[in-house]
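Below is the file upload-v2.cif, which contains mmCIF, C-alpha atoms.
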data_input
#
loop_
_atom_site.label_atom_id
_atom_site.label_comp_id
_atom_site.auth_asym_id
_atom_site.auth_seq_id
_atom_site.Cartn_x
_atom_site.Cartn_y
_atom_site.Cartn_z
CA MET N 1 -17.26 1.36 11.57
CA THR N 2 -17.05 -0.60 8.32
CA LEU N 3 -14.76 0.01 5.37
CA ILE N 4 -15.20 -1.74 2.04
CA TYR N 5 -12.44 -2.30 -0.49
CA LYS N 6 -12.14 -4.33 -3.67
CA PHE N 7 -9.93 -6.71 -5.57
CA LYS N 8 -8.10 -5.36 -8.59
CA LYS N 9 -7.65 -7.55 -11.64
CA GLU N 10 -3.97 -7.12 -12.50
CA ARG N 11 -2.30 -8.24 -15.67
CA LEU N 12 0.76 -10.47 -15.35
CA GLU N 13 3.79 -10.65 -17.58
CA ASN N 14 2.79 -14.14 -18.72
CA GLY N 15 -0.43 -12.69 -20.15
CA GLY N 16 -2.65 -13.99 -17.36
CA TYR N 17 -4.44 -12.07 -14.62
CA ALA N 18 -4.48 -12.11 -10.84
CA SER N 19 -7.08 -10.51 -8.57
CA ARG N 20 -5.38 -8.78 -5.68
CA PRO N 21 -6.96 -7.25 -2.57
CA ARG N 22 -6.11 -3.55 -2.75
CA ILE N 23 -6.71 -1.46 0.36
CA LEU N 24 -6.69 2.34 0.26
CA VAL N 25 -4.37 3.63 2.99
CA GLU N 26 -2.47 6.77 3.86
CA LEU N 27 1.04 6.06 5.13
CA SER N 28 2.53 8.81 7.29
CA GLY N 29 5.99 9.52 8.63
CA ASP N 30 8.01 12.49 9.87
CA ASP N 31 8.38 14.02 6.39
CA GLY N 32 4.87 13.62 5.04
CA SER N 33 2.40 11.07 3.79
CA ILE N 34 1.35 9.23 0.68
CA ILE N 35 -1.90 7.53 -0.27
CA VAL N 36 -1.48 4.11 -1.83
CA PRO N 37 -3.58 1.06 -2.75
CA ALA N 38 -1.72 -1.44 -0.54
CA LEU N 39 -2.03 -5.23 -0.59
CA ILE N 40 -3.54 -6.95 2.43
CA ASP N 41 -1.94 -10.31 3.25
CA SER N 42 -3.15 -12.56 6.06
CA GLY N 43 -0.05 -14.72 5.56
CA CYS N 44 2.32 -11.90 6.36
CA ASP N 45 3.24 -11.46 10.05
CA THR N 46 4.17 -7.78 9.90
CA SER N 47 3.52 -5.07 7.31
CA VAL N 48 6.32 -4.51 4.80
CA ILE N 49 7.24 -1.16 3.26
CA PRO N 50 9.83 -0.75 0.50
CA GLU N 51 12.84 1.40 1.43
CA GLY N 52 12.07 4.00 -1.25
CA ILE N 53 8.64 4.71 0.20
CA ALA N 54 9.90 4.63 3.79
CA LYS N 55 12.49 7.30 2.97
CA ALA N 56 10.01 9.38 0.98
CA VAL N 57 7.66 9.76 3.97
CA GLY N 58 10.40 9.88 6.59
CA LEU N 59 10.02 6.67 8.56
CA ASN N 60 12.64 6.00 11.23
CA MET N 61 15.55 4.23 9.53
CA SER N 62 17.60 3.60 12.67
CA GLY N 63 15.85 0.43 13.84
CA ILE N 64 17.19 -3.07 14.32
CA LYS N 65 18.14 -4.90 11.14
CA ASP N 66 16.44 -8.22 10.63
CA LYS N 67 15.63 -10.82 8.01
CA LEU N 68 12.30 -11.42 6.32
CA TYR N 69 11.76 -14.99 5.17
CA ALA N 70 9.49 -15.56 2.21
CA TYR N 71 9.10 -18.60 -0.01
CA ARG N 72 12.69 -19.78 -0.67
CA GLU N 73 14.12 -16.30 -0.32
CA VAL N 74 15.39 -13.99 2.40
CA ASN N 75 15.27 -10.19 2.41
CA GLU N 76 17.13 -7.71 4.58
CA VAL N 77 14.71 -5.55 6.55
CA MET N 78 14.74 -2.94 9.29
CA GLN N 79 12.25 -2.71 12.13
CA SER N 80 10.30 0.56 12.30
CA THR N 81 6.81 1.96 12.86
CA ALA N 82 4.37 3.93 10.72
CA ASN N 83 1.05 5.67 11.05
CA ILE N 84 -1.44 3.98 8.74
CA THR N 85 -4.86 5.47 8.03
CA PHE N 86 -7.45 3.25 6.38
CA LEU N 87 -9.43 5.53 4.10
CA GLY N 88 -13.15 5.20 3.47
CA LYS N 89 -15.53 6.80 1.01
CA GLU N 90 -16.10 9.63 3.49
CA TYR N 91 -13.66 11.32 5.87
CA ARG N 92 -15.62 10.25 8.94
CA GLN N 93 -15.18 6.58 7.98
CA SER N 94 -11.40 6.68 8.01
CA VAL N 95 -9.54 4.86 10.78
CA LYS N 96 -6.06 5.96 11.85
CA LEU N 97 -3.77 3.42 13.48
CA PRO N 98 -0.68 5.07 14.99
CA ASN N 99 2.72 3.43 15.44
CA ILE N 100 1.99 0.21 13.59
CA PRO N 101 5.06 -2.05 13.59
CA VAL N 102 6.49 -2.37 10.09
CA LEU N 103 9.49 -3.88 8.37
CA ILE N 104 11.28 -1.71 5.86
CA ALA N 105 12.50 -3.88 2.97
CA LEU N 106 16.02 -2.66 2.24
CA ALA N 107 16.83 -2.16 -1.42
CA LYS N 108 19.35 -4.39 -3.14
CA GLU N 109 21.73 -2.45 -5.32
CA GLY N 110 21.02 -2.74 -9.04
CA ILE N 111 17.90 -4.81 -8.60
CA ASN N 112 14.44 -3.54 -9.47
CA GLU N 113 12.60 -4.46 -6.30
CA GLU N 114 8.91 -5.04 -5.81
CA GLU N 115 7.47 -1.77 -4.55
CA ASP N 116 4.14 -2.80 -3.07
CA ILE N 117 3.21 -2.02 0.48
CA ILE N 118 2.05 -5.24 2.17
CA LEU N 119 -0.30 -4.94 5.12
CA GLY N 120 0.30 -7.84 7.52
CA ILE N 121 -1.28 -9.18 10.68
CA ASN N 122 0.62 -7.36 13.44
CA GLY N 123 -1.28 -4.27 14.64
CA ILE N 124 -3.91 -4.46 11.89
CA PHE N 125 -5.70 -7.78 12.29
CA ASP N 126 -5.82 -6.99 16.03
CA VAL N 127 -8.01 -3.97 15.33
CA PHE N 128 -10.15 -5.01 12.37
CA GLU N 129 -12.29 -8.04 11.67
CA ILE N 130 -11.46 -8.60 8.01
CA THR N 131 -13.69 -10.59 5.67
CA PHE N 132 -12.69 -11.51 2.13
CA LYS N 133 -15.64 -11.95 -0.22
CA LYS N 134 -14.01 -12.65 -3.55
CA ILE N 135 -17.23 -13.67 -5.31
CA GLN N 136 -18.82 -10.35 -4.35
CA ASN N 137 -15.55 -8.50 -4.99
CA LYS N 138 -15.45 -7.08 -1.49
CA ILE N 139 -12.97 -6.94 1.35
CA ILE N 140 -14.76 -5.79 4.47
CA PHE N 141 -12.88 -4.13 7.34
CA LYS N 142 -14.95 -3.89 10.49
CA LYS N 143 -13.35 -2.18 13.45
CA ALA N 144 -13.60 -4.46 16.43
CA SER N 145 -15.63 -3.22 19.40
CA LYS N 146 -13.85 -1.91 22.48
CA GLU N 147 -15.04 -4.99 24.33
CA ILE N 148 -13.37 -7.34 21.85
CA LEU N 149 -10.23 -5.22 21.73
CA SER N 150 -9.91 -5.24 25.53
CA ARG N 151 -10.13 -9.06 25.49
CA GLY N 152 -7.32 -9.27 22.91
CA MET F 1 -16.91 10.93 -1.53
CA ILE F 2 -13.35 11.94 -0.69
CA GLU F 3 -11.09 12.53 -3.68
CA SER F 4 -8.65 9.77 -2.84
CA TYR F 5 -11.47 7.19 -2.79
CA ALA F 6 -12.67 8.39 -6.20
CA ASN F 7 -9.12 7.95 -7.49
CA TYR F 8 -9.03 4.47 -5.90
CA GLU F 9 -12.21 3.41 -7.71
CA TRP F 10 -10.75 4.71 -10.97
CA PHE F 11 -7.50 2.83 -10.27
CA LEU F 12 -9.38 -0.46 -9.75
CA LYS F 13 -10.78 -0.34 -13.27
CA LYS F 14 -7.79 1.04 -15.12
CA ASP F 15 -5.18 -1.05 -16.99
CA PHE F 16 -1.75 0.53 -16.55
CA LYS F 17 0.09 -1.60 -19.11
CA ASP F 18 1.62 1.48 -20.79
CA TYR F 19 3.31 2.48 -17.51
CA SER F 20 5.06 -0.79 -16.71
CA GLY F 21 7.32 -0.53 -13.67
CA LYS F 22 6.81 3.17 -13.15
CA TRP F 23 5.59 5.13 -10.19
CA LEU F 24 2.41 7.03 -10.98
CA ALA F 25 0.73 9.97 -9.29
CA ILE F 26 -3.02 10.13 -9.83
CA ILE F 27 -5.07 13.27 -9.25
CA ASP F 28 -8.68 13.75 -10.33
CA LYS F 29 -8.57 10.37 -12.12
CA LYS F 30 -5.63 11.43 -14.27
CA ILE F 31 -1.98 10.39 -14.26
CA VAL F 32 -0.16 13.66 -13.54
CA ALA F 33 3.39 12.35 -13.00
CA SER F 34 5.27 9.14 -13.71
CA GLY F 35 8.82 7.84 -13.43
CA ASN F 36 11.13 5.22 -11.97
CA ASP F 37 12.28 7.22 -8.94
CA VAL F 38 9.57 7.66 -6.34
CA LYS F 39 11.20 10.76 -4.80
CA GLN F 40 11.43 12.57 -8.14
CA VAL F 41 7.85 11.70 -9.05
CA ILE F 42 6.62 12.99 -5.68
CA GLN F 43 8.56 16.24 -6.11
CA ARG F 44 7.16 16.78 -9.61
CA ALA F 45 3.56 16.18 -8.55
CA LYS F 46 3.93 18.40 -5.48
CA LYS F 47 5.36 21.20 -7.61
CA ASP F 48 2.55 21.05 -10.17
CA TYR F 49 -0.29 20.35 -7.69
CA PRO F 50 0.81 21.79 -4.31
CA THR F 51 -2.63 21.56 -2.71
CA LYS F 52 -3.58 18.06 -3.87
CA LYS F 53 -3.00 14.63 -2.31
CA PRO F 54 -2.35 12.19 -5.15
CA LEU F 55 -2.95 8.46 -5.15
CA TRP F 56 0.41 6.76 -5.69
CA ILE F 57 0.80 3.44 -7.39
CA ILE F 58 3.48 1.27 -8.88
CA ASN F 59 2.42 -0.82 -11.82
CA SER F 60 2.83 -4.45 -10.76
CA LEU F 61 3.19 -5.56 -14.38
CA SER F 62 6.86 -4.78 -13.99
CA TYR F 63 7.59 -7.70 -11.69
CA ASN F 64 9.63 -10.57 -13.00
CA ASN F 65 7.83 -13.20 -10.98
CA ASP F 66 4.31 -13.36 -12.27
CA PHE F 67 2.49 -14.62 -9.23
CA ASN F 68 2.88 -13.27 -5.72
CA LEU F 69 2.96 -15.48 -2.66
#
Reformat the file's structure so that it appears as structure tokens.
Amino acid sequence: MTLIYKFKKERLENGGYASRPRILVELSGDDGSIIVPALIDSGCDTSVIPEGIAKAVGLNMSGIKDKLYAYREVNEVMQSTANITFLGKEYRQSVKLPNIPVLIALAKEGINEEEDIILGINGIFDVFEITFKKIQNKIIFKKASKEILSRG
Amino acid sequence: MIESYANYEWFLKKDFKDYSGKWLAIIDKKIVASGNDVKQVIQRAKKDYPTKKPLWIINSLSYNNDFNL
């Protein structure tokens, strides 16, 4: 099963542009689901979900509190899990991954936080072989065979 | 093609500069709700389009740091 996504050219405040790999996913929790174009990040250990989104879909907010270290900054996070469905052009192409470990980025009072969902390695790169083809504007998700998965 | 994928393809081409920092709900390639509070935007879209599954985005133009890690 192969899913193909694209980079989105996004305008920056400094007037420049950045091309970001946007992946169409449905995030589900106890209270519902939302469909979002999430960022895929091979440099991120575990997927990160902003607190506002986590609460909106009803993710478990009683997990262990932890810290997420990024470049010269630290964020408060909470361990949780989410069901993430990778959506394709057709329904039959979609791949649902249940109980993916995630970190919920806890909001800081009075600060407008970044609201993107970041898809990290844990639980996702174990299931898909992911190929970035920037020149062709493609990000290819190929679900690994059962044989490869059993080796993992 | 499923509706959400059609919305995704529309999203990839669209410039959302007029909606800086806001949550957007997209249905049938149209912005049907927007606002700063994700819960309120979800409630509004669900009320107006109870049978639809919107594509939700936040416009990244709002971020103070221009480049992501």
>> Could you tell me, as JSON, numbers by chain, exactly which residues end up selected when the PyMOL selection byres ((chain N) within 10 of (chain F)) is applied to this structure?
In response: {"N": [5, 6, 7, 8, 9, 10, 11, 12, 13, 14, 15, 16, 17, 18, 20, 22, 23, 24, 25, 26, 33, 34, 35, 36, 37, 38, 41, 43, 44, 52, 53, 55, 56, 57, 70, 71, 87, 88, 89, 90, 91, 112, 113, 114, 115, 116, 117]}
> Do you know which residues the PyMOL selection byres ((chain N and resi 31) around 6) returns on this file, as a list in words?
Replying inline: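 On the file shown, the PyMOL selection byres ((chain N and resi 31) around 6) covers Gly29, Asp30, Gly32, Val57 and Gly58 of chain N.
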>> Evaluate the PyMOL selection byres ((chain N and resi 79) around 9) against this structure - the residues, as a list in words, please.
In response: Asn60, Met61, Ser62, Gly63, Ile64, Lys65, Asp66, Val77, Met78, Ser80, Thr81, Pro101, Val102, Leu103 and Ile104 of chain N
>> For a test of reading the model, state the distance in Å between CA of Leu119 in chain N and CA of Arg44 in chain F, rounded to one decimal.
In response: 27.3 Å
> By how many Å are CA of Asn137 in chain N and CA of Ser42 in chain N apart?
Replying inline: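 Taking CA of Asn137 in chain N as the start and CA of Ser42 in chain N as the end point, the length is 17.1 Å.
Excluding Phe128 in chain N itself and same-chain residues fewer than 4 positions from it, the residues having an atom within 8 Å of it are Ile124, Phe141, Lys142, Lys143 and Ala144 of chain N, counting all atoms listed in the file.
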> What does the distance between CA of Lys108 in chain N and CA of Ile49 in chain N come to in Å, to one decimal place?
Replying inline: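 Between CA of Lys108 in chain N and CA of Ile49 in chain N the gap works out to 14.1 Å.
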> Near Leu68 in chain N, counting only C-alpha atoms, which residues have an atom at most 9 Å away, once you skip same-chain residues fewer than 5 positions from it, shown as a ChimeraX atom specification?
Replying inline: /N:73-77,103,105
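Shortest atom-to-atom contact with Pro21 in chain N among N:Tyr69, N:Ile40, N:Leu3, N:Val127: N:Ile40, counting all atoms listed in the file.
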